[in-house]
file upload-v1.csv (CSV, C-alpha atoms and all ligand atoms)
chain,number,residue,atom,x,y,z
A,1,MET,CA,6.7,-4.9,13.0
A,2,THR,CA,8.0,-1.8,11.4
A,3,ASN,CA,9.1,0.9,13.9
A,4,LEU,CA,6.6,3.6,13.6
A,5,GLN,CA,6.8,4.8,17.2
A,6,ASP,CA,6.2,8.6,17.5
A,7,LYS,CA,6.1,8.9,13.7
A,8,THR,CA,3.6,11.1,11.8
A,9,ILE,CA,2.3,9.3,8.7
A,10,LEU,CA,0.5,10.7,5.8
A,11,ILE,CA,-1.6,8.4,3.6
A,12,THR,CA,-2.8,10.0,0.3
A,13,GLY,CA,-5.9,8.4,-1.0
A,14,GLY,CA,-6.3,7.2,2.5
A,15,THR,CA,-10.1,6.6,2.5
A,16,GLY,CA,-9.8,3.6,0.1
A,17,SER,CA,-9.4,0.0,1.0
A,18,PHE,CA,-5.6,0.3,1.2
A,19,GLY,CA,-5.9,3.2,3.8
A,20,HIS,CA,-8.4,1.2,5.9
A,21,LYS,CA,-6.2,-1.9,5.9
A,22,LEU,CA,-3.0,0.0,6.6
A,23,LEU,CA,-4.7,1.6,9.5
A,24,ASP,CA,-5.6,-1.9,10.8
A,25,ASN,CA,-1.9,-2.7,10.7
A,26,VAL,CA,-0.4,0.5,12.2
A,27,LEU,CA,-3.0,1.8,14.7
A,28,THR,CA,-1.3,0.0,17.5
A,29,ALA,CA,2.2,0.9,16.4
A,30,GLY,CA,2.5,4.0,18.6
A,31,CYS,CA,2.4,6.6,15.8
A,32,ARG,CA,2.1,10.2,16.9
A,33,GLU,CA,-0.4,11.0,14.2
A,34,ILE,CA,-1.8,9.3,11.1
A,35,ARG,CA,-3.1,11.7,8.5
A,36,ILE,CA,-5.7,10.6,5.9
A,37,PHE,CA,-5.6,12.8,2.8
A,38,SER,CA,-8.3,12.5,0.2
A,39,ARG,CA,-10.9,14.3,-1.9
A,40,ASP,CA,-14.1,12.7,-0.6
A,41,GLU,CA,-15.6,14.4,2.5
A,42,LEU,CA,-18.3,11.8,2.9
A,43,LYS,CA,-15.9,8.9,3.0
A,44,GLN,CA,-13.7,10.8,5.5
A,45,GLU,CA,-16.7,11.5,7.7
A,46,GLN,CA,-17.7,7.8,7.6
A,47,MET,CA,-14.2,6.7,8.4
A,48,ARG,CA,-13.9,9.3,11.3
A,49,ILE,CA,-17.1,8.0,12.9
A,50,GLN,CA,-16.2,4.4,12.4
A,51,LEU,CA,-12.7,4.8,13.8
A,52,ASN,CA,-13.3,7.3,16.6
A,53,GLU,CA,-9.5,7.5,17.0
A,54,PRO,CA,-7.9,10.8,18.1
A,55,THR,CA,-4.5,10.1,16.5
A,56,VAL,CA,-6.1,9.8,13.1
A,57,LYS,CA,-6.6,13.2,11.4
A,58,PHE,CA,-8.4,14.0,8.2
A,59,TYR,CA,-7.2,16.4,5.5
A,60,LEU,CA,-9.5,17.3,2.6
A,61,GLY,CA,-7.6,18.0,-0.6
A,62,ASP,CA,-6.5,16.8,-4.0
A,63,ILE,CA,-3.0,15.7,-4.9
A,64,ARG,CA,-3.5,17.7,-8.1
A,65,ASP,CA,-3.5,20.8,-5.9
A,66,ARG,CA,0.0,21.3,-4.5
A,67,GLU,CA,-1.2,23.8,-1.9
A,68,SER,CA,-3.6,21.3,-0.4
A,69,ILE,CA,-0.9,18.6,-0.1
A,70,ASP,CA,1.6,21.1,1.4
A,71,GLY,CA,-1.0,21.9,4.1
A,72,ALA,CA,-1.0,18.2,5.1
A,73,MET,CA,2.8,17.6,4.8
A,74,LYS,CA,4.1,19.8,7.7
A,75,GLY,CA,5.8,17.6,10.4
A,76,VAL,CA,5.3,14.4,8.4
A,77,ASP,CA,7.9,11.6,8.7
A,78,LEU,CA,6.5,9.1,6.3
A,79,VAL,CA,4.2,9.2,3.3
A,80,PHE,CA,2.3,6.3,1.7
A,81,HIS,CA,1.2,7.6,-1.6
A,82,ALA,CA,-1.9,5.6,-2.6
A,83,GLY,CA,-3.9,8.4,-4.1
A,84,ALA,CA,-4.5,7.5,-7.8
A,85,LEU,CA,-7.0,6.8,-10.6
A,86,LYS,CA,-6.8,3.1,-10.8
A,87,GLN,CA,-9.7,1.9,-12.9
A,88,VAL,CA,-8.4,0.8,-16.3
A,89,PRO,CA,-11.5,1.7,-18.3
A,90,SER,CA,-12.0,5.2,-16.9
A,91,CYS,CA,-8.4,6.0,-17.5
A,92,GLU,CA,-8.7,4.7,-21.1
A,93,PHE,CA,-11.6,7.1,-21.8
A,94,PHE,CA,-10.2,10.1,-19.8
A,95,PRO,CA,-6.4,9.7,-20.1
A,96,MET,CA,-5.7,13.4,-19.2
A,97,GLN,CA,-7.5,12.8,-15.9
A,98,ALA,CA,-5.1,10.0,-15.2
A,99,VAL,CA,-2.2,12.3,-16.2
A,100,MET,CA,-3.4,14.9,-13.8
A,101,THR,CA,-3.8,12.6,-10.8
A,102,ASN,CA,-1.2,9.8,-11.4
A,103,VAL,CA,1.6,11.9,-13.0
A,104,ILE,CA,1.2,15.6,-11.8
A,105,GLY,CA,-0.4,14.6,-8.5
A,106,SER,CA,2.5,12.2,-7.8
A,107,HIS,CA,5.0,14.8,-8.7
A,108,ASN,CA,3.3,17.2,-6.3
A,109,VAL,CA,3.3,14.7,-3.4
A,110,ILE,CA,7.0,13.9,-4.0
A,111,GLU,CA,8.1,17.5,-4.3
A,112,SER,CA,6.1,18.5,-1.3
A,113,ALA,CA,7.6,15.7,0.8
A,114,ILE,CA,11.1,16.7,-0.3
A,115,SER,CA,10.6,20.4,0.6
A,116,HIS,CA,9.2,19.4,4.0
A,117,GLY,CA,12.1,17.1,4.9
A,118,VAL,CA,9.9,13.9,5.0
A,119,ARG,CA,12.1,10.9,5.7
A,120,SER,CA,10.5,8.4,3.4
A,121,VAL,CA,7.9,8.3,0.6
A,122,VAL,CA,6.5,5.0,-0.7
A,123,CYS,CA,4.6,5.4,-4.0
A,124,LEU,CA,2.0,2.6,-4.7
A,125,GLY,CA,2.1,1.3,-8.3
A,126,THR,CA,1.0,-1.6,-10.4
A,127,ASP,CA,2.1,-4.4,-12.6
A,128,LYS,CA,0.2,-2.6,-15.3
A,129,ALA,CA,3.1,-0.1,-15.3
A,130,VAL,CA,5.5,-2.7,-16.9
A,131,TYR,CA,5.3,-2.8,-20.7
A,132,PRO,CA,2.1,-0.7,-20.3
A,133,VAL,CA,-0.7,-0.8,-22.8
A,134,ASN,CA,-3.3,1.2,-21.1
A,135,ALA,CA,-3.4,4.8,-19.8
A,136,MET,CA,-3.6,3.7,-16.2
A,137,GLY,CA,-0.4,1.6,-16.5
A,138,MET,CA,1.3,4.3,-18.6
A,139,THR,CA,0.7,7.0,-16.0
A,140,LYS,CA,1.8,4.8,-13.2
A,141,ALA,CA,5.0,4.0,-15.2
A,142,LEU,CA,5.5,7.8,-15.4
A,143,MET,CA,5.0,8.0,-11.6
A,144,GLU,CA,7.9,5.6,-11.1
A,145,LYS,CA,10.0,7.7,-13.5
A,146,ILE,CA,9.2,10.8,-11.6
A,147,ALA,CA,10.0,9.1,-8.3
A,148,GLN,CA,13.4,8.0,-9.6
A,149,ALA,CA,14.2,11.4,-11.2
A,150,ALA,CA,13.5,13.0,-7.9
A,151,SER,CA,15.7,10.4,-6.2
A,152,ARG,CA,18.6,11.1,-8.6
A,153,GLN,CA,18.4,14.7,-7.7
A,154,ASN,CA,18.3,13.9,-4.0
A,155,MET,CA,21.0,11.3,-3.6
A,156,SER,CA,22.3,13.1,-0.5
A,157,GLY,CA,19.0,14.6,0.6
A,158,ASP,CA,16.9,13.6,3.6
A,159,THR,CA,14.0,12.1,1.7
A,160,ILE,CA,14.1,8.5,0.5
A,161,ILE,CA,11.7,7.9,-2.4
A,162,SER,CA,10.7,4.4,-3.4
A,163,SER,CA,7.9,2.7,-5.3
A,164,VAL,CA,6.1,-0.7,-5.1
A,165,ARG,CA,4.2,-2.7,-7.7
A,166,TYR,CA,1.1,-4.6,-6.9
A,167,GLY,CA,-0.5,-7.4,-8.8
A,168,ASN,CA,-4.3,-7.7,-8.7
A,169,VAL,CA,-5.6,-7.3,-5.2
A,170,MET,CA,-8.1,-10.1,-4.6
A,171,TYR,CA,-11.6,-8.9,-3.8
A,172,SER,CA,-10.8,-5.3,-4.4
A,173,ARG,CA,-13.8,-3.1,-5.3
A,174,GLY,CA,-15.0,-3.6,-8.9
A,175,SER,CA,-12.6,-6.5,-9.6
A,176,VAL,CA,-13.5,-9.9,-11.0
A,177,ILE,CA,-13.9,-12.1,-7.8
A,178,PRO,CA,-16.7,-10.1,-6.2
A,179,LEU,CA,-18.2,-9.9,-9.7
A,180,PHE,CA,-18.2,-13.7,-10.1
A,181,VAL,CA,-19.7,-14.0,-6.6
A,182,GLU,CA,-22.5,-11.6,-7.5
A,183,GLN,CA,-23.2,-13.4,-10.7
A,184,ILE,CA,-23.5,-16.7,-8.9
A,185,LYS,CA,-25.8,-15.1,-6.3
A,186,GLN,CA,-28.1,-13.8,-9.0
A,187,GLY,CA,-28.0,-17.1,-10.9
A,188,LYS,CA,-26.5,-15.4,-13.9
A,189,PRO,CA,-23.8,-16.8,-16.2
A,190,LEU,CA,-20.2,-16.0,-15.3
A,191,THR,CA,-18.7,-13.6,-17.8
A,192,ILE,CA,-15.1,-14.6,-18.7
A,193,THR,CA,-13.0,-12.5,-21.0
A,194,ASP,CA,-10.5,-15.2,-22.0
A,195,PRO,CA,-10.1,-18.4,-20.0
A,196,GLN,CA,-6.4,-18.5,-20.7
A,197,MET,CA,-5.7,-14.9,-19.4
A,198,THR,CA,-3.5,-15.0,-16.3
A,199,ARG,CA,-3.3,-12.6,-13.3
A,200,PHE,CA,-1.0,-12.4,-10.2
A,201,LEU,CA,-3.1,-13.0,-7.1
A,202,MET,CA,-2.3,-10.9,-4.0
A,203,SER,CA,-4.3,-10.3,-0.8
A,204,LEU,CA,-4.7,-6.8,0.6
A,205,GLN,CA,-2.7,-7.9,3.6
A,206,THR,CA,0.2,-9.0,1.4
A,207,ALA,CA,0.0,-5.7,-0.4
A,208,ILE,CA,0.3,-3.8,3.0
A,209,GLU,CA,3.3,-6.0,3.9
A,210,LEU,CA,4.9,-5.0,0.6
A,211,VAL,CA,4.5,-1.3,1.4
A,212,LEU,CA,5.9,-1.7,4.9
A,213,PHE,CA,8.8,-3.7,3.6
A,214,ALA,CA,9.6,-0.9,1.1
A,215,PHE,CA,9.5,1.6,3.9
A,216,GLU,CA,12.0,-0.5,6.0
A,217,HIS,CA,14.4,-1.4,3.2
A,218,ALA,CA,14.3,1.3,0.6
A,219,ARG,CA,17.4,2.9,-0.7
A,220,GLN,CA,17.0,6.0,-2.9
A,221,GLY,CA,14.9,5.3,-6.0
A,222,ASP,CA,14.2,1.6,-5.4
A,223,ILE,CA,11.2,-0.3,-6.8
A,224,PHE,CA,10.0,-3.2,-4.8
A,225,VAL,CA,8.0,-6.2,-6.1
A,226,ARG,CA,6.4,-8.9,-4.1
A,227,LYS,CA,6.6,-12.3,-5.6
A,228,ALA,CA,3.2,-13.8,-6.1
A,229,PRO,CA,1.5,-16.8,-7.7
A,230,ALA,CA,-1.0,-16.5,-10.5
A,231,CYS,CA,-3.9,-18.3,-12.1
A,232,THR,CA,-5.9,-18.3,-15.3
A,233,VAL,CA,-9.2,-16.6,-15.3
A,234,GLY,CA,-10.8,-19.9,-16.4
A,235,ASP,CA,-9.5,-21.6,-13.3
A,236,LEU,CA,-10.5,-18.7,-11.1
A,237,ALA,CA,-14.1,-18.9,-12.3
A,238,GLN,CA,-14.0,-22.7,-11.8
A,239,ALA,CA,-12.7,-22.3,-8.2
A,240,VAL,CA,-15.4,-19.8,-7.3
A,241,GLN,CA,-18.0,-22.1,-8.7
A,242,ASN,CA,-16.6,-25.1,-6.8
A,243,LEU,CA,-16.7,-23.2,-3.5
A,244,PHE,CA,-20.3,-22.1,-4.0
A,245,GLY,CA,-21.2,-25.6,-5.2
A,246,VAL,CA,-22.8,-24.4,-8.5
A,247,SER,CA,-22.2,-25.1,-12.2
A,248,THR,CA,-23.6,-21.9,-13.7
A,249,PRO,CA,-22.9,-21.5,-17.4
A,250,VAL,CA,-20.0,-19.4,-18.5
A,251,THR,CA,-20.2,-16.7,-21.2
A,252,SER,CA,-17.1,-15.6,-23.1
A,253,ILE,CA,-17.0,-11.8,-23.5
A,254,GLY,CA,-13.6,-11.3,-25.0
A,255,ILE,CA,-10.7,-9.1,-24.0
A,256,ARG,CA,-11.7,-5.7,-22.8
A,257,HIS,CA,-10.3,-2.2,-23.6
A,258,GLY,CA,-6.7,-1.9,-22.6
A,259,GLU,CA,-6.3,-5.5,-21.3
A,260,LYS,CA,-3.3,-7.8,-21.6
A,261,MET,CA,-3.3,-11.6,-21.7
A,262,TYR,CA,-0.8,-11.6,-18.9
A,263,GLU,CA,0.8,-9.0,-16.6
A,264,ALA,CA,4.5,-8.4,-15.8
A,265,LEU,CA,5.8,-7.4,-12.4
A,266,ALA,CA,9.3,-7.0,-13.6
A,267,SER,CA,11.0,-6.9,-17.0
A,268,ARG,CA,14.1,-9.0,-17.7
A,269,GLU,CA,16.2,-5.9,-17.9
A,270,GLU,CA,15.0,-4.9,-14.4
A,271,LEU,CA,15.6,-8.5,-13.1
A,272,GLN,CA,19.2,-8.3,-14.4
A,273,LYS,CA,20.0,-5.7,-11.8
A,274,ALA,CA,17.4,-6.7,-9.2
A,275,GLU,CA,18.3,-8.1,-5.8
A,276,ASP,CA,16.4,-11.2,-4.8
A,277,MET,CA,15.3,-10.6,-1.2
A,278,GLY,CA,13.3,-13.9,-0.7
A,279,ASP,CA,9.7,-12.9,-1.0
A,280,TYR,CA,10.6,-9.7,-2.7
A,281,PHE,CA,12.7,-8.2,-5.5
A,282,ARG,CA,14.4,-4.9,-5.0
A,283,ILE,CA,14.9,-3.2,-8.4
A,284,GLY,CA,17.5,-0.5,-7.9
A,285,MET,CA,17.2,2.6,-10.0
A,286,ASP,CA,19.6,3.5,-12.8
A,287,ASP,CA,21.6,6.1,-11.0
A,288,ARG,CA,23.8,7.2,-13.9
A,289,ASP,CA,23.8,10.9,-14.1
A,290,LEU,CA,22.9,13.2,-16.9
A,291,ASN,CA,26.1,12.4,-18.8
A,292,TYR,CA,24.4,11.2,-22.0
A,293,ALA,CA,27.5,9.5,-23.3
A,294,LYS,CA,26.9,6.8,-20.7
A,295,TYR,CA,23.5,6.2,-22.1
A,296,VAL,CA,24.6,6.2,-25.7
A,297,THR,CA,27.9,4.4,-25.7
A,298,GLU,CA,28.1,2.5,-22.4
A,299,GLY,CA,24.9,0.5,-22.4
A,300,GLU,CA,24.5,-2.5,-20.0
A,301,GLN,CA,24.9,-6.1,-21.0
A,302,ALA,CA,21.8,-7.5,-22.5
A,303,ALA,CA,19.6,-9.6,-20.2
A,304,ALA,CA,19.0,-12.2,-23.0
A,305,GLN,CA,19.2,-15.2,-20.7
A,306,LEU,CA,16.5,-13.9,-18.3
A,307,VAL,CA,12.8,-14.0,-18.8
A,308,ASP,CA,10.3,-11.3,-17.6
A,309,TYR,CA,8.6,-12.0,-14.3
A,310,THR,CA,5.0,-12.4,-15.5
A,311,SER,CA,1.8,-14.0,-14.5
A,312,ASP,CA,2.5,-16.6,-17.1
A,313,SER,CA,6.0,-17.4,-15.9
A,314,THR,CA,5.4,-17.3,-12.1
A,315,GLN,CA,4.1,-20.2,-10.0
A,316,ARG,CA,0.7,-21.3,-11.5
A,317,LEU,CA,-2.0,-22.2,-9.0
A,318,SER,CA,-4.3,-25.2,-9.7
A,319,VAL,CA,-8.0,-24.8,-9.3
A,320,SER,CA,-7.9,-26.4,-5.8
A,321,GLU,CA,-5.0,-24.1,-4.8
A,322,VAL,CA,-7.0,-21.1,-5.9
A,323,GLU,CA,-9.9,-22.4,-3.8
A,324,ALA,CA,-7.7,-22.6,-0.8
A,325,LEU,CA,-6.4,-19.1,-1.4
A,326,LEU,CA,-9.9,-17.7,-1.9
A,327,LEU,CA,-10.9,-19.2,1.5
A,328,THR,CA,-8.4,-17.0,3.2
A,329,LEU,CA,-10.4,-14.0,2.2
A,330,PRO,CA,-12.8,-12.9,4.9
A,331,GLU,CA,-15.1,-11.2,2.4
A,332,LEU,CA,-15.5,-14.4,0.4
A,333,ARG,CA,-16.0,-16.6,3.5
A,334,ALA,CA,-18.8,-14.2,4.6
A,335,GLU,CA,-20.5,-14.4,1.1
A,336,LEU,CA,-20.2,-18.1,1.1
A,337,ALA,CA,-21.7,-18.5,4.6
A,338,ALA,CA,-24.7,-16.3,3.6
A,339,PHE,CA,-25.1,-18.2,0.3
A,340,GLN,CA,-25.1,-21.6,2.1
A,341,ALA,CA,-27.5,-20.3,4.8
A,342,ARG,CA,-29.9,-19.1,2.1
A,343,GLY,CA,-29.8,-22.5,0.4
A,344,ALA,CA,-30.2,-24.5,3.6
B,1,LIG,O1,-16.3,-9.9,-16.2
B,1,LIG,C1,-15.1,-10.1,-16.2
B,1,LIG,C2,-14.1,-9.1,-15.7
B,1,LIG,C3,-12.8,-9.5,-15.7
B,1,LIG,N1,-12.4,-10.7,-16.1
B,1,LIG,C4,-10.9,-11.0,-16.1
B,1,LIG,O2,-10.5,-11.2,-14.8
B,1,LIG,C5,-9.1,-10.8,-14.6
B,1,LIG,C6,-9.1,-9.7,-13.5
B,1,LIG,O3,-9.9,-8.6,-13.9
B,1,LIG,P1,-10.1,-7.4,-12.9
B,1,LIG,O4,-11.0,-6.4,-13.5
B,1,LIG,O5,-10.4,-7.9,-11.5
B,1,LIG,O6,-8.6,-6.8,-12.8
B,1,LIG,P2,-7.8,-6.1,-13.9
B,1,LIG,O7,-6.5,-6.9,-14.1
B,1,LIG,O8,-8.5,-5.8,-15.2
B,1,LIG,O9,-7.5,-4.7,-13.2
B,1,LIG,C7,-7.7,-4.5,-11.8
B,1,LIG,O10,-6.6,-4.0,-11.2
B,1,LIG,C8,-6.2,-2.8,-11.6
B,1,LIG,C9,-5.0,-2.4,-10.8
B,1,LIG,O11,-3.9,-3.1,-11.2
B,1,LIG,C10,-7.2,-1.7,-11.6
B,1,LIG,O12,-7.6,-1.3,-10.3
B,1,LIG,C11,-8.5,-2.2,-12.3
B,1,LIG,O13,-9.5,-1.3,-12.3
B,1,LIG,C12,-8.9,-3.5,-11.7
B,1,LIG,O14,-10.0,-4.0,-12.4
B,1,LIG,C13,-8.7,-10.2,-16.0
B,1,LIG,O15,-8.0,-11.2,-16.7
B,1,LIG,C14,-10.0,-10.0,-16.7
B,1,LIG,O16,-10.0,-10.1,-18.1
B,1,LIG,C15,-13.3,-11.6,-16.5
B,1,LIG,O17,-12.9,-12.7,-16.9
B,1,LIG,N2,-14.6,-11.3,-16.6
call {"tool": "encode", "arguments": {"input": "upload-v1.csv", "output": "structure tokens"}}
result
Amino acid sequence: MTNLQDKTILITGGTGSFGHKLLDNVLTAGCREIRIFSRDELKQEQMRIQLNEPTVKFYLGDIRDRESIDGAMKGVDLVFHAGALKQVPSCEFFPMQAVMTNVIGSHNVIESAISHGVRSVVCLGTDKAVYPVNAMGMTKALMEKIAQAASRQNMSGDTIISSVRYGNVMYSRGSVIPLFVEQIKQGKPLTITDPQMTRFLMSLQTAIELVLFAFEHARQGDIFVRKAPACTVGDLAQAVQNLFGVSTPVTSIGIRHGEKMYEALASREELQKAEDMGDYFRIGMDDRDLNYAKYVTEGEQAAAQLVDYTSDSTQRLSVSEVEALLLTLPELRAELAAFQARGA
């Protein structure tokens, strides 16, 4: 377990599912204080009542507002920066909102952390930041660039700044697995965008492990990726149907705004300089300085022999393997038990 004894932790966007799960993991680690920073007073109130834990403190604010983040940063040792706009469709329709939260907000968090002498900042990102096609991914890609630019300017400073990239977190709010479960419960057809579309599959617990791994191992400007298996959406739908013992019809709805057929967790150029750490890749930053000649005349060798690390090229799970993975999710097991009880 990561050594968090006597540390003060700040979690931006801390009232979300990541914040809750991270708390599950670190509440017994002997932290001096855990600060939850977010905009939503109702969610904070619910979390405060549910936890009833004196070491957890709540800070109302918005990462877009530097003053509010400065107010929460005093005395902090470690920041997990999870505050973001994450929904692909809403960022597509309101890209400037994504810029303000994911780009300017991340800049505020990083600069505030540096000026308060925080030891480590881990910024949470997404596979959608690699070869981005939607505003959510583009703004998260810029967050990584901002983290690395701040790292380059702080090579000898006190604050280590790193980023991580998630794949799809299974059963996260608004995602496809709970949607399929709901459709089955209501006896409706399953809506499939494209049965051949692939996505990395990651549990929330694995995502937490990735963030803690980054905290433990980060060097200035690193990006960490957790290796993960993937499946096609068609197989995912089939696996959910099999577990619920139904054969509901399937409707094809086509690719949605800003979607890709497959996601990439790391590009071939990144893999060329990445360190394979077993379950993880460490992608070191390009730490050449602002001597432009190096960029123009001294490029790096092409990574022609490598392939991108994508949901198409990673380990592909079969339908029965997806079923087994789904059964590890407590939320899905609970839905399944209720569904079976209803049918009994
Ligand atoms: O009715 C649907 C909805 C989705 N899909 C497919 O299921 C896969 C997963 O879709 P999700 O909506 O669960 O996940 P996304 O990859 O689109 O993106 C998810 O993860 C992102 C973070 O990376 C954001 O949080 C986003 O809002 C969230 O939906 C995709 O191939 C999608 O095309 C369907 O087949 N049918």
call {"tool": "residues_near_point", "arguments": {"input": "upload-v1.csv", "point": "(20.4, -0.2, -4.8)", "cutoff": "9 Å", "atoms": "all atoms listed in the file", "output": "list in words"}}
result
Ala218, Arg219, Gln220, Gly221, Asp222, Lys273, Ala274, Glu275, Arg282, Ile283, Gly284, Met285, Asp286 and Asp287 of chain A
call {"tool": "closest_atom_pairs", "arguments": {"input": "upload-v1.csv", "of": "region 74-171 of chain A", "to": "region 12-19 of chain A", "cutoff": "10 Å", "atoms": "all atoms listed in the file", "output": "tab-separated table"}}
result
residue	atom	partner	partner_atom	distance
A:Val79	CA	A:Thr12	CA	7.7
A:Phe80	CA	A:Thr12	CA	6.5
A:His81	CA	A:Thr12	CA	5.0
A:Ala82	CA	A:Gly13	CA	5.1
A:Gly83	CA	A:Gly13	CA	3.7
A:Ala84	CA	A:Gly13	CA	7.0
A:Leu85	CA	A:Gly13	CA	9.8
A:Ser106	CA	A:Thr12	CA	9.9
A:Val109	CA	A:Thr12	CA	8.5
A:Cys123	CA	A:Thr12	CA	9.7
A:Leu124	CA	A:Phe18	CA	9.9
A:Val169	CA	A:Phe18	CA	9.9
call {"tool": "write_last_selection", "arguments": {"input": "upload-v1.csv", "atoms": "C-alpha atoms", "output": "short mmCIF file (atom, residue, chain, number, x, y, z; two decimals), in the coordinates of the input"}}
result
data_model
loop_
_atom_site.label_atom_id
_atom_site.label_comp_id
_atom_site.auth_asym_id
_atom_site.auth_seq_id
_atom_site.Cartn_x
_atom_site.Cartn_y
_atom_site.Cartn_z
CA VAL A 79 4.20 9.20 3.30
CA PHE A 80 2.30 6.30 1.70
CA HIS A 81 1.20 7.60 -1.60
CA ALA A 82 -1.90 5.60 -2.60
CA GLY A 83 -3.90 8.40 -4.10
CA ALA A 84 -4.50 7.50 -7.80
CA LEU A 85 -7.00 6.80 -10.60
CA SER A 106 2.50 12.20 -7.80
CA VAL A 109 3.30 14.70 -3.40
CA CYS A 123 4.60 5.40 -4.00
CA LEU A 124 2.00 2.60 -4.70
CA VAL A 169 -5.60 -7.30 -5.20
#
call {"tool": "residues_near_ligand", "arguments": {"input": "upload-v1.csv", "ligand": "ligand LIG 1 (chain B)", "cutoff": "9 Å", "atoms": "only C-alpha atoms and all ligand atoms", "output": "MDAnalysis selection string"}}
result
chainID A and resid 85:90 125:129 136:137 165:180 190:200 232:234 236:237 252:256 258:263
call {"tool": "closest_residue", "arguments": {"input": "upload-v1.csv", "among": "A:Gln5, A:Ser156, A:Gln97, A:Ser311", "to": "Thr139 (chain A)", "atoms": "all atoms listed in the file"}}
result
A:Gln97
call {"tool": "residues_around", "arguments": {"input": "upload-v1.csv", "residues": "Ala150 (chain A)", "least_positions_apart": "4", "cutoff": "10 Å", "atoms": "only C-alpha atoms", "output": "tab-separated table (two decimals) with C-alpha atoms, in the frame of the given file"}}
result
chain	number	residue	atom	x	y	z
A	107	HIS	CA	5.00	14.80	-8.70
A	110	ILE	CA	7.00	13.90	-4.00
A	111	GLU	CA	8.10	17.50	-4.30
A	114	ILE	CA	11.10	16.70	-0.30
A	144	GLU	CA	7.90	5.60	-11.10
A	145	LYS	CA	10.00	7.70	-13.50
A	146	ILE	CA	9.20	10.80	-11.60
A	154	ASN	CA	18.30	13.90	-4.00
A	155	MET	CA	21.00	11.30	-3.60
A	159	THR	CA	14.00	12.10	1.70
A	160	ILE	CA	14.10	8.50	0.50
A	161	ILE	CA	11.70	7.90	-2.40
A	220	GLN	CA	17.00	6.00	-2.90
A	221	GLY	CA	14.90	5.30	-6.00
call {"tool": "closest_residue", "arguments": {"input": "upload-v1.csv", "among": "A:Gly187, A:Ser120, A:Asp65, A:Cys91", "to": "Val211 (chain A)", "atoms": "only C-alpha atoms"}}
result
A:Ser120
call {"tool": "residues_around", "arguments": {"input": "upload-v1.csv", "residues": "region 54-62 of chain A", "least_positions_apart": "3", "cutoff": "6 Å", "atoms": "all atoms listed in the file", "output": "PyMOL selection string"}}
result
chain A and resi 33-39+65+68
call {"tool": "atom_distance", "arguments": {"input": "upload-v1.csv", "atom1": "CA of Met73 (chain A)", "atom2": "CA of Asp158 (chain A)"}}
result
14.7 Å
call {"tool": "closest_residue", "arguments": {"input": "upload-v1.csv", "among": "A:Thr2, A:Ser318, A:Gln44, A:Gln186", "to": "Val246 (chain A)", "atoms": "all atoms listed in the file"}}
result
A:Gln186
call {"tool": "residues_around", "arguments": {"input": "upload-v1.csv", "residues": "Asn25 (chain A)", "least_positions_apart": "4", "cutoff": "10 Å", "atoms": "all atoms listed in the file", "output": "list in words"}}
result
Met1, Thr2, Gly19, His20, Lys21, Ala29, Gln205, Ile208, Glu209 and Leu212 of chain A
call {"tool": "closest_residue", "arguments": {"input": "upload-v1.csv", "among": "A:His217, A:Val118, A:Lys185, A:Thr101", "to": "Thr248 (chain A)", "atoms": "only C-alpha atoms"}}
result
A:Lys185
call {"tool": "atom_distance", "arguments": {"input": "upload-v1.csv", "atom1": "CA of Leu22 (chain A)", "atom2": "CA of Arg333 (chain A)"}}
result
21.3 Å
call {"tool": "closest_residue", "arguments": {"input": "upload-v1.csv", "among": "A:Leu23, A:Arg316, A:Gln183, A:Gln241", "to": "Ile11 (chain A)", "atoms": "only C-alpha atoms"}}
result
A:Leu23
call {"tool": "build_atoms", "arguments": {"input": "upload-v1.csv", "residues": "region 127-135 of chain A", "atoms": "N, CA and C atoms", "output": "mmCIF file, in the frame of the given file"}}
result
data_model
loop_
_atom_site.group_PDB
_atom_site.id
_atom_site.type_symbol
_atom_site.label_atom_id
_atom_site.label_comp_id
_atom_site.auth_asym_id
_atom_site.auth_seq_id
_atom_site.Cartn_x
_atom_site.Cartn_y
_atom_site.Cartn_z
ATOM 1 N N ASP A 127 1.478 -3.658 -11.492
ATOM 2 C CA ASP A 127 2.100 -4.400 -12.600
ATOM 3 C C ASP A 127 1.768 -3.876 -13.934
ATOM 4 N N LYS A 128 0.647 -3.162 -14.026
ATOM 5 C CA LYS A 128 0.200 -2.600 -15.300
ATOM 6 C C LYS A 128 1.187 -1.514 -15.809
ATOM 7 N N ALA A 129 2.143 -1.106 -14.952
ATOM 8 C CA ALA A 129 3.100 -0.100 -15.300
ATOM 9 C C ALA A 129 4.301 -0.739 -16.126
ATOM 10 N N VAL A 130 4.379 -2.070 -16.137
ATOM 11 C CA VAL A 130 5.500 -2.700 -16.900
ATOM 12 C C VAL A 130 4.973 -3.060 -18.266
ATOM 13 N N TYR A 131 5.730 -2.660 -19.281
ATOM 14 C CA TYR A 131 5.300 -2.800 -20.700
ATOM 15 C C TYR A 131 3.805 -2.300 -20.749
ATOM 16 N N PRO A 132 3.542 -1.075 -20.389
ATOM 17 C CA PRO A 132 2.100 -0.700 -20.300
ATOM 18 C C PRO A 132 1.420 -0.577 -21.614
ATOM 19 N N VAL A 133 0.161 -0.972 -21.609
ATOM 20 C CA VAL A 133 -0.700 -0.800 -22.800
ATOM 21 C C VAL A 133 -1.876 0.040 -22.576
ATOM 22 N N ASN A 134 -2.173 0.350 -21.313
ATOM 23 C CA ASN A 134 -3.300 1.200 -21.100
ATOM 24 C C ASN A 134 -2.905 2.457 -20.307
ATOM 25 N N ALA A 135 -3.788 3.468 -20.347
ATOM 26 C CA ALA A 135 -3.400 4.800 -19.800
ATOM 27 C C ALA A 135 -3.153 4.701 -18.299
#
